>>> print(open('input02.csv').read())   # CSV, C-alpha atoms
chain,number,residue,atom,x,y,z
A,1,ASP,CA,188.3,168.9,-133.4
A,2,ALA,CA,189.6,172.5,-133.1
A,3,LYS,CA,188.9,174.9,-135.9
A,4,THR,CA,191.7,176.0,-138.2
A,5,THR,CA,192.2,179.1,-140.2
A,6,GLN,CA,194.4,179.2,-143.3
A,7,PRO,CA,194.9,181.9,-145.9
A,8,PRO,CA,193.0,181.0,-149.1
A,9,SER,CA,196.0,181.4,-151.4
A,10,MET,CA,199.7,182.1,-151.4
A,11,ASP,CA,202.4,182.4,-154.0
A,12,CYS,CA,206.0,181.3,-153.8
A,13,ALA,CA,209.0,181.5,-156.2
A,14,GLU,CA,210.5,178.3,-157.3
A,15,GLY,CA,213.5,177.3,-155.2
A,16,ARG,CA,212.5,179.5,-152.4
A,17,ALA,CA,211.0,178.4,-149.1
A,18,ALA,CA,207.3,178.2,-148.9
A,19,ASN,CA,205.9,179.0,-145.4
A,20,LEU,CA,202.3,178.1,-145.0
A,21,PRO,CA,200.6,179.4,-141.8
A,22,CYS,CA,197.7,177.8,-139.9
A,23,ASN,CA,195.9,179.3,-136.9
A,24,HIS,CA,194.4,176.9,-134.4
A,25,SER,CA,193.9,179.1,-131.3
A,26,THR,CA,191.3,176.8,-129.7
A,27,ILE,CA,193.6,173.7,-129.9
A,28,SER,CA,193.4,171.6,-126.8
A,29,GLY,CA,196.3,169.7,-125.1
A,30,ASN,CA,195.7,166.3,-126.7
A,31,GLU,CA,195.1,167.6,-130.2
A,32,TYR,CA,197.7,167.1,-132.9
A,33,VAL,CA,198.4,169.2,-136.0
A,34,TYR,CA,198.4,167.4,-139.3
A,35,TRP,CA,199.2,168.6,-142.8
A,36,TYR,CA,198.0,167.2,-146.1
A,37,ARG,CA,198.2,168.5,-149.6
A,38,GLN,CA,196.2,167.8,-152.7
A,39,ILE,CA,197.8,168.3,-156.1
A,40,HIS,CA,195.3,169.1,-158.8
A,41,SER,CA,193.3,166.0,-160.0
A,42,GLN,CA,194.9,163.8,-157.4
A,43,GLY,CA,193.9,162.4,-154.0
A,44,PRO,CA,195.2,164.1,-150.8
A,45,GLN,CA,198.7,163.2,-149.6
A,46,TYR,CA,199.8,163.1,-146.0
A,47,ILE,CA,202.8,165.4,-145.3
A,48,ILE,CA,203.6,165.6,-141.6
A,49,HIS,CA,202.2,165.9,-138.1
A,50,GLY,CA,203.2,167.2,-134.7
A,51,LEU,CA,202.0,167.8,-131.2
A,52,LYS,CA,204.2,170.5,-129.7
A,53,ASN,CA,207.8,169.9,-130.9
A,54,ASN,CA,209.0,170.9,-134.3
A,55,GLU,CA,209.1,168.1,-136.8
A,56,THR,CA,210.9,167.5,-140.0
A,57,ASN,CA,210.7,164.8,-142.6
A,58,GLU,CA,211.8,164.4,-146.2
A,59,MET,CA,208.9,166.5,-147.4
A,60,ALA,CA,208.6,169.4,-145.0
A,61,SER,CA,209.2,170.9,-141.6
A,62,LEU,CA,206.4,171.7,-139.1
A,63,ILE,CA,207.0,174.6,-136.7
A,64,ILE,CA,204.4,174.8,-133.8
A,65,THR,CA,204.5,177.9,-131.6
A,66,GLU,CA,205.1,177.4,-127.9
A,67,ASP,CA,201.5,178.2,-127.0
A,68,ARG,CA,200.4,175.8,-129.8
A,69,LYS,CA,197.9,178.3,-131.2
A,70,SER,CA,199.5,178.4,-134.6
A,71,SER,CA,201.8,176.5,-136.8
A,72,THR,CA,203.7,176.8,-140.0
A,73,LEU,CA,204.4,174.2,-142.7
A,74,ILE,CA,207.7,174.9,-144.4
A,75,LEU,CA,208.7,173.5,-147.8
A,76,PRO,CA,212.4,174.5,-147.8
A,77,HIS,CA,212.9,174.6,-151.6
A,78,ALA,CA,209.6,174.8,-153.4
A,79,THR,CA,209.3,173.3,-156.8
A,80,LEU,CA,206.6,173.6,-159.4
A,81,ARG,CA,205.3,170.2,-158.4
A,82,ASP,CA,204.6,171.6,-154.9
A,83,THR,CA,201.7,173.6,-156.4
A,84,ALA,CA,198.7,172.2,-154.5
A,85,VAL,CA,196.1,172.9,-151.9
A,86,TYR,CA,197.5,172.5,-148.4
A,87,TYR,CA,195.3,171.4,-145.6
A,88,CYS,CA,196.0,172.0,-141.9
A,89,ILE,CA,193.9,169.6,-139.7
A,90,VAL,CA,193.7,169.6,-135.9
A,91,ARG,CA,192.4,166.5,-134.3
A,92,VAL,CA,192.8,164.3,-131.3
A,93,GLY,CA,195.4,161.7,-132.1
A,94,GLY,CA,194.7,157.9,-132.1
A,95,GLY,CA,192.1,156.2,-129.9
A,96,SER,CA,188.7,156.2,-131.4
A,97,ASN,CA,189.0,159.3,-133.5
A,98,TYR,CA,189.1,157.8,-137.0
A,99,LYS,CA,188.1,160.9,-139.0
A,100,LEU,CA,190.0,163.5,-140.9
A,101,THR,CA,188.1,166.7,-141.4
A,102,PHE,CA,189.3,168.8,-144.3
A,103,GLY,CA,188.7,172.5,-144.4
A,104,LYS,CA,189.2,174.9,-147.4
A,105,GLY,CA,193.0,174.8,-147.2
A,106,THR,CA,195.6,177.1,-148.8
A,107,LEU,CA,196.2,177.0,-152.5
A,108,LEU,CA,200.0,177.4,-152.9
A,109,THR,CA,201.1,178.4,-156.4
A,110,VAL,CA,204.8,178.0,-157.0
A,111,ASN,CA,205.9,180.3,-159.8
A,112,PRO,CA,208.9,179.7,-162.1
B,1,ASP,CA,202.9,149.0,-157.6
B,2,THR,CA,199.8,151.3,-157.1
B,3,ALA,CA,199.0,151.6,-153.4
B,4,VAL,CA,195.3,152.5,-153.6
B,5,SER,CA,193.5,152.1,-156.9
B,6,GLN,CA,190.0,152.9,-157.9
B,7,THR,CA,188.0,151.9,-160.9
B,8,PRO,CA,186.6,153.5,-163.0
B,9,LYS,CA,188.5,156.8,-163.1
B,10,TYR,CA,185.5,158.5,-164.9
B,11,LEU,CA,181.9,157.5,-164.7
B,12,VAL,CA,179.1,159.3,-166.7
B,13,THR,CA,175.6,158.1,-166.2
B,14,GLN,CA,172.0,159.2,-166.2
B,15,MET,CA,169.8,160.0,-163.3
B,16,GLY,CA,168.1,157.0,-161.8
B,17,ASN,CA,170.8,154.5,-162.7
B,18,ASP,CA,172.7,152.3,-160.3
B,19,LYS,CA,176.5,152.3,-160.4
B,20,SER,CA,179.4,151.0,-158.4
B,21,ILE,CA,182.9,152.2,-157.8
B,22,LYS,CA,185.6,149.8,-156.8
B,23,CYS,CA,188.6,150.4,-154.5
B,24,GLU,CA,191.6,148.2,-153.8
B,25,GLN,CA,194.7,148.7,-151.6
B,26,ASN,CA,197.8,146.6,-151.6
B,27,LEU,CA,199.3,148.2,-148.5
B,28,GLY,CA,198.1,145.5,-146.1
B,29,HIS,CA,196.1,148.2,-144.3
B,30,ASP,CA,193.2,147.3,-142.0
B,31,THR,CA,191.1,150.5,-142.4
B,32,MET,CA,189.6,151.9,-145.5
B,33,TYR,CA,187.5,155.1,-146.2
B,34,TRP,CA,185.3,156.7,-148.8
B,35,TYR,CA,185.3,160.5,-149.2
B,36,LYS,CA,183.2,162.8,-151.5
B,37,GLN,CA,184.7,166.0,-152.9
B,38,ASP,CA,182.0,168.2,-154.3
B,39,SER,CA,182.2,171.0,-156.9
B,40,LYS,CA,183.3,173.5,-154.2
B,41,LYS,CA,186.2,171.2,-153.5
B,42,PHE,CA,185.1,170.3,-149.9
B,43,LEU,CA,186.3,166.9,-149.0
B,44,LYS,CA,184.0,165.0,-146.7
B,45,ILE,CA,184.2,161.5,-145.2
B,46,MET,CA,181.3,159.2,-146.0
B,47,PHE,CA,182.2,155.8,-144.6
B,48,SER,CA,185.0,153.9,-143.0
B,49,TYR,CA,185.6,150.2,-142.5
B,50,ASN,CA,188.0,148.5,-140.2
B,51,ASN,CA,188.7,144.8,-140.8
B,52,LYS,CA,185.6,144.7,-143.0
B,53,GLU,CA,183.4,146.2,-140.3
B,54,LEU,CA,181.7,149.6,-140.7
B,55,ILE,CA,183.0,152.1,-138.1
B,56,ILE,CA,182.0,155.4,-139.6
B,57,ASN,CA,178.8,156.2,-141.4
B,58,GLU,CA,178.3,159.9,-141.8
B,59,THR,CA,174.9,161.4,-142.8
B,60,VAL,CA,174.9,159.9,-146.2
B,61,PRO,CA,171.7,158.9,-148.0
B,62,ASN,CA,171.0,155.2,-147.8
B,63,ARG,CA,171.2,155.1,-151.6
B,64,PHE,CA,174.9,154.8,-150.9
B,65,SER,CA,176.0,151.4,-149.7
B,66,PRO,CA,179.6,150.4,-149.1
B,67,LYS,CA,180.7,146.8,-149.2
B,68,SER,CA,184.0,145.4,-148.0
B,69,PRO,CA,184.4,141.8,-149.2
B,70,ASP,CA,187.9,141.6,-147.6
B,71,LYS,CA,190.3,144.0,-146.0
B,72,ALA,CA,191.9,145.0,-149.3
B,73,HIS,CA,188.7,146.1,-151.0
B,74,LEU,CA,186.0,148.6,-150.2
B,75,ASN,CA,183.4,149.2,-152.9
B,76,LEU,CA,180.8,151.8,-153.1
B,77,HIS,CA,177.4,151.1,-154.7
B,78,ILE,CA,175.0,154.0,-155.4
B,79,ASN,CA,171.4,153.4,-156.2
B,80,SER,CA,169.0,155.8,-158.0
B,81,LEU,CA,171.7,158.3,-158.9
B,82,GLU,CA,170.8,162.0,-158.6
B,83,LEU,CA,172.3,165.1,-160.1
B,84,GLY,CA,173.7,166.1,-156.7
B,85,ASP,CA,175.7,162.9,-156.6
B,86,SER,CA,178.0,164.3,-159.2
B,87,ALA,CA,181.4,164.7,-157.5
B,88,VAL,CA,184.8,163.1,-157.2
B,89,TYR,CA,184.9,160.1,-154.9
B,90,PHE,CA,188.1,159.2,-153.2
B,91,CYS,CA,189.0,155.9,-151.5
B,92,ALA,CA,191.7,155.9,-148.8
B,93,SER,CA,193.3,153.5,-146.4
B,94,SER,CA,195.3,153.7,-143.2
B,95,GLN,CA,197.3,151.1,-141.4
B,96,ASP,CA,194.7,150.9,-138.7
B,97,THR,CA,192.4,153.1,-136.8
B,98,VAL,CA,195.1,154.3,-134.5
B,99,ARG,CA,197.1,155.6,-137.5
B,100,ALA,CA,193.9,157.0,-139.1
B,101,TYR,CA,195.8,160.4,-139.3
B,102,GLU,CA,198.0,159.0,-142.1
B,103,GLN,CA,195.7,158.0,-144.9
B,104,TYR,CA,196.7,157.0,-148.4
B,105,PHE,CA,194.3,158.2,-151.0
B,106,GLY,CA,193.4,156.8,-154.4
B,107,PRO,CA,193.4,158.8,-157.6
B,108,GLY,CA,189.6,159.5,-157.4
B,109,THR,CA,186.6,158.6,-159.5
B,110,ARG,CA,184.9,161.5,-161.2
B,111,LEU,CA,181.1,160.7,-161.3
B,112,THR,CA,178.9,162.8,-163.5
B,113,VAL,CA,175.2,162.3,-163.4
B,114,THR,CA,173.2,163.8,-166.3
>>> encode(input="input02.csv", output="structure tokens")
Amino acid sequence: DAKTTQPPSMDCAEGRAANLPCNHSTISGNEYVYWYRQIHSQGPQYIIHGLKNNETNEMASLIITEDRKSSTLILPHATLRDTAVYYCIVRVGGGSNYKLTFGKGTLLTVNP
Amino acid sequence: DTAVSQTPKYLVTQMGNDKSIKCEQNLGHDTMYWYKQDSKKFLKIMFSYNNKELIINETVPNRFSPKSPDKAHLNLHINSLELGDSAVYFCASSQDTVRAYEQYFGPGTRLTVT
């Protein structure tokens, strides 16, 4: 799985958009980008994933650059409950790859 | 209506003891996992079972033995507990191995070995 780089921490004001970057410059053509988050004292939670097109669901949007070397997770209107560690994971999708490899992630703190 | 549940939530025990952590999922998923999150917050996979069969066994001491009596349950038994086993253990499940990217995690079991 390709290596990812994320800032260790970010702050965001409540109600504003939170933009969390992830660098994955060694990503290969068959690797997807996945995002999870872990709220304090809880298990990780799947957010969204994508290959090369931008994706949106009820939780967030995922913007992947055209060269696929980086991506941004966008929480459009951050709330205090969005304070969590956000993990960007790059891995080959499906097939026999059953593992998720979590890095250090970004601690997002949403401030009132 | 808890999706993935673990018992106990907290476990405090002495070195050398044997303990078990239980996990149950009511999502009808085929694949289940055990992860360990250490004090530095790194989350690492330990085991995975698909339809009660072991498919992932990372470099985990053989004091750790997972058991899957049925698809909905994956228990973790730990023999001869050591101080370094202190961590939060998370159980997770996914619909199947193809959708392994979308895992549902339990609330965790905080194990403290004294």
>>> residues_around(input="input02.csv", residues="Thr56 in chain A", least_positions_apart="4", cutoff="12 Å", atoms="all atoms listed in the file", output="ChimeraX atom specification")
/A:47-50,60-64,72-76
>>> atom_distance(input="input02.csv", atom1="CA of Lys9 in chain B", atom2="CA of Phe105 in chain B")
13.5 Å
>>> interface_residues(input="input02.csv", of="chain B", to="chain A", cutoff="7 Å", atoms="only C-alpha atoms", output="ChimeraX atom specification")
/B:42-44,90,97-108
>>> write_last_selection(input="input02.csv", atoms="C-alpha atoms", output="PDB file, in the frame of the given file")
ATOM      1  CA  PHE B  42     185.100 170.300-149.900  1.00  0.00           C
ATOM      2  CA  LEU B  43     186.300 166.900-149.000  1.00  0.00           C
ATOM      3  CA  LYS B  44     184.000 165.000-146.700  1.00  0.00           C
ATOM      4  CA  PHE B  90     188.100 159.200-153.200  1.00  0.00           C
ATOM      5  CA  THR B  97     192.400 153.100-136.800  1.00  0.00           C
ATOM      6  CA  VAL B  98     195.100 154.300-134.500  1.00  0.00           C
ATOM      7  CA  ARG B  99     197.100 155.600-137.500  1.00  0.00           C
ATOM      8  CA  ALA B 100     193.900 157.000-139.100  1.00  0.00           C
ATOM      9  CA  TYR B 101     195.800 160.400-139.300  1.00  0.00           C
ATOM     10  CA  GLU B 102     198.000 159.000-142.100  1.00  0.00           C
ATOM     11  CA  GLN B 103     195.700 158.000-144.900  1.00  0.00           C
ATOM     12  CA  TYR B 104     196.700 157.000-148.400  1.00  0.00           C
ATOM     13  CA  PHE B 105     194.300 158.200-151.000  1.00  0.00           C
ATOM     14  CA  GLY B 106     193.400 156.800-154.400  1.00  0.00           C
ATOM     15  CA  PRO B 107     193.400 158.800-157.600  1.00  0.00           C
ATOM     16  CA  GLY B 108     189.600 159.500-157.400  1.00  0.00           C
TER      17      GLY B 108
END
>>> residues_around(input="input02.csv", residues="Thr5 in chain A", least_positions_apart="5", cutoff="8 Å", atoms="only C-alpha atoms", output="list in words")
Cys22, Asn23 and His24 of chain A
>>> residues_around(input="input02.csv", residues="Arg68 in chain A", least_positions_apart="4", cutoff="9 Å", atoms="only C-alpha atoms", output="list in words")
His24, Ser25, Ile27, Ser28, Gly29, Leu51, Lys52 and Ile64 of chain A
>>> write_last_selection(input="input02.csv", atoms="C-alpha atoms", output="short mmCIF file (atom, residue, chain, number, x, y, z; two decimals), keeping the file's coordinate frame")
data_model
loop_
_atom_site.label_atom_id
_atom_site.label_comp_id
_atom_site.auth_asym_id
_atom_site.auth_seq_id
_atom_site.Cartn_x
_atom_site.Cartn_y
_atom_site.Cartn_z
CA HIS A 24 194.40 176.90 -134.40
CA SER A 25 193.90 179.10 -131.30
CA ILE A 27 193.60 173.70 -129.90
CA SER A 28 193.40 171.60 -126.80
CA GLY A 29 196.30 169.70 -125.10
CA LEU A 51 202.00 167.80 -131.20
CA LYS A 52 204.20 170.50 -129.70
CA ILE A 64 204.40 174.80 -133.80
#
>>> atom_distance(input="input02.csv", atom1="CA of Arg16 in chain A", atom2="CA of Asp67 in chain A")
27.7 Å
>>> atom_distance(input="input02.csv", atom1="CA of Ile39 in chain A", atom2="CA of Cys88 in chain A")
14.8 Å
>>> closest_residue(input="input02.csv", among="B:Asp30, B:Asp18, B:Asp70, B:Glu24", to="Thr2 in chain B", atoms="all atoms listed in the file")
B:Glu24
>>> closest_residue(input="input02.csv", among="A:His40, A:Pro21, A:Ala13, A:Lys69", to="Thr106 in chain A", atoms="only C-alpha atoms")
A:Pro21
>>> residues_near_point(input="input02.csv", point="(179.5, 154.1, -153.8)", cutoff="8 Å", atoms="only C-alpha atoms", output="PyMOL selection string")
chain B and resi 19-21+64-66+75-78
>>> build_atoms(input="input02.csv", residues="range 69-92 of chain B", atoms="N, CA and C atoms", output="PDB file, keeping the file's coordinate frame")
ATOM      1  N   PRO B  69     184.327 143.245-149.163  1.00  0.00           N
ATOM      2  CA  PRO B  69     184.400 141.800-149.200  1.00  0.00           C
ATOM      3  C   PRO B  69     185.632 141.218-148.495  1.00  0.00           C
ATOM      4  N   ASP B  70     186.687 142.018-148.412  1.00  0.00           N
ATOM      5  CA  ASP B  70     187.900 141.600-147.600  1.00  0.00           C
ATOM      6  C   ASP B  70     188.595 142.912-147.264  1.00  0.00           C
ATOM      7  N   LYS B  71     189.657 142.802-146.470  1.00  0.00           N
ATOM      8  CA  LYS B  71     190.300 144.000-146.000  1.00  0.00           C
ATOM      9  C   LYS B  71     190.928 144.861-147.055  1.00  0.00           C
ATOM     10  N   ALA B  72     191.231 144.272-148.186  1.00  0.00           N
ATOM     11  CA  ALA B  72     191.900 145.000-149.300  1.00  0.00           C
ATOM     12  C   ALA B  72     190.941 145.733-150.184  1.00  0.00           C
ATOM     13  N   HIS B  73     189.663 145.499-150.028  1.00  0.00           N
ATOM     14  CA  HIS B  73     188.700 146.100-151.000  1.00  0.00           C
ATOM     15  C   HIS B  73     187.553 146.766-150.216  1.00  0.00           C
ATOM     16  N   LEU B  74     187.179 147.935-150.733  1.00  0.00           N
ATOM     17  CA  LEU B  74     186.000 148.600-150.200  1.00  0.00           C
ATOM     18  C   LEU B  74     185.315 149.252-151.440  1.00  0.00           C
ATOM     19  N   ASN B  75     184.157 148.697-151.780  1.00  0.00           N
ATOM     20  CA  ASN B  75     183.400 149.200-152.900  1.00  0.00           C
ATOM     21  C   ASN B  75     182.266 150.050-152.498  1.00  0.00           C
ATOM     22  N   LEU B  76     181.860 150.919-153.406  1.00  0.00           N
ATOM     23  CA  LEU B  76     180.800 151.800-153.100  1.00  0.00           C
ATOM     24  C   LEU B  76     179.691 151.677-154.185  1.00  0.00           C
ATOM     25  N   HIS B  77     178.507 151.281-153.764  1.00  0.00           N
ATOM     26  CA  HIS B  77     177.400 151.100-154.700  1.00  0.00           C
ATOM     27  C   HIS B  77     176.405 152.262-154.455  1.00  0.00           C
ATOM     28  N   ILE B  78     175.963 152.847-155.547  1.00  0.00           N
ATOM     29  CA  ILE B  78     175.000 154.000-155.400  1.00  0.00           C
ATOM     30  C   ILE B  78     173.778 153.653-156.243  1.00  0.00           C
ATOM     31  N   ASN B  79     172.638 153.667-155.571  1.00  0.00           N
ATOM     32  CA  ASN B  79     171.400 153.400-156.200  1.00  0.00           C
ATOM     33  C   ASN B  79     170.680 154.712-156.625  1.00  0.00           C
ATOM     34  N   SER B  80     169.861 154.627-157.640  1.00  0.00           N
ATOM     35  CA  SER B  80     169.000 155.800-158.000  1.00  0.00           C
ATOM     36  C   SER B  80     169.753 157.069-158.051  1.00  0.00           C
ATOM     37  N   LEU B  81     170.774 157.133-158.867  1.00  0.00           N
ATOM     38  CA  LEU B  81     171.700 158.300-158.900  1.00  0.00           C
ATOM     39  C   LEU B  81     170.907 159.593-159.144  1.00  0.00           C
ATOM     40  N   GLU B  82     171.340 160.643-158.454  1.00  0.00           N
ATOM     41  CA  GLU B  82     170.800 162.000-158.600  1.00  0.00           C
ATOM     42  C   GLU B  82     171.824 162.957-159.061  1.00  0.00           C
ATOM     43  N   LEU B  83     171.346 164.101-159.582  1.00  0.00           N
ATOM     44  CA  LEU B  83     172.300 165.100-160.100  1.00  0.00           C
ATOM     45  C   LEU B  83     173.286 165.521-159.006  1.00  0.00           C
ATOM     46  N   GLY B  84     172.813 165.626-157.766  1.00  0.00           N
ATOM     47  CA  GLY B  84     173.700 166.100-156.700  1.00  0.00           C
ATOM     48  C   GLY B  84     174.733 165.071-156.273  1.00  0.00           C
ATOM     49  N   ASP B  85     174.672 163.879-156.842  1.00  0.00           N
ATOM     50  CA  ASP B  85     175.700 162.900-156.600  1.00  0.00           C
ATOM     51  C   ASP B  85     176.958 163.129-157.387  1.00  0.00           C
ATOM     52  N   SER B  86     176.868 164.025-158.349  1.00  0.00           N
ATOM     53  CA  SER B  86     178.000 164.300-159.200  1.00  0.00           C
ATOM     54  C   SER B  86     179.140 164.920-158.299  1.00  0.00           C
ATOM     55  N   ALA B  87     180.287 164.295-158.347  1.00  0.00           N
ATOM     56  CA  ALA B  87     181.400 164.700-157.500  1.00  0.00           C
ATOM     57  C   ALA B  87     182.580 163.790-157.820  1.00  0.00           C
ATOM     58  N   VAL B  88     183.699 164.054-157.137  1.00  0.00           N
ATOM     59  CA  VAL B  88     184.800 163.100-157.200  1.00  0.00           C
ATOM     60  C   VAL B  88     184.821 162.313-155.923  1.00  0.00           C
ATOM     61  N   TYR B  89     184.884 161.018-156.051  1.00  0.00           N
ATOM     62  CA  TYR B  89     184.900 160.100-154.900  1.00  0.00           C
ATOM     63  C   TYR B  89     186.268 159.537-154.721  1.00  0.00           C
ATOM     64  N   PHE B  90     186.771 159.680-153.508  1.00  0.00           N
ATOM     65  CA  PHE B  90     188.100 159.200-153.200  1.00  0.00           C
ATOM     66  C   PHE B  90     188.019 158.044-152.193  1.00  0.00           C
ATOM     67  N   CYS B  91     188.777 157.024-152.465  1.00  0.00           N
ATOM     68  CA  CYS B  91     189.000 155.900-151.500  1.00  0.00           C
ATOM     69  C   CYS B  91     190.309 156.173-150.822  1.00  0.00           C
ATOM     70  N   ALA B  92     190.406 155.757-149.582  1.00  0.00           N
ATOM     71  CA  ALA B  92     191.700 155.900-148.800  1.00  0.00           C
ATOM     72  C   ALA B  92     191.828 154.730-147.896  1.00  0.00           C
TER      73      ALA B  92
END
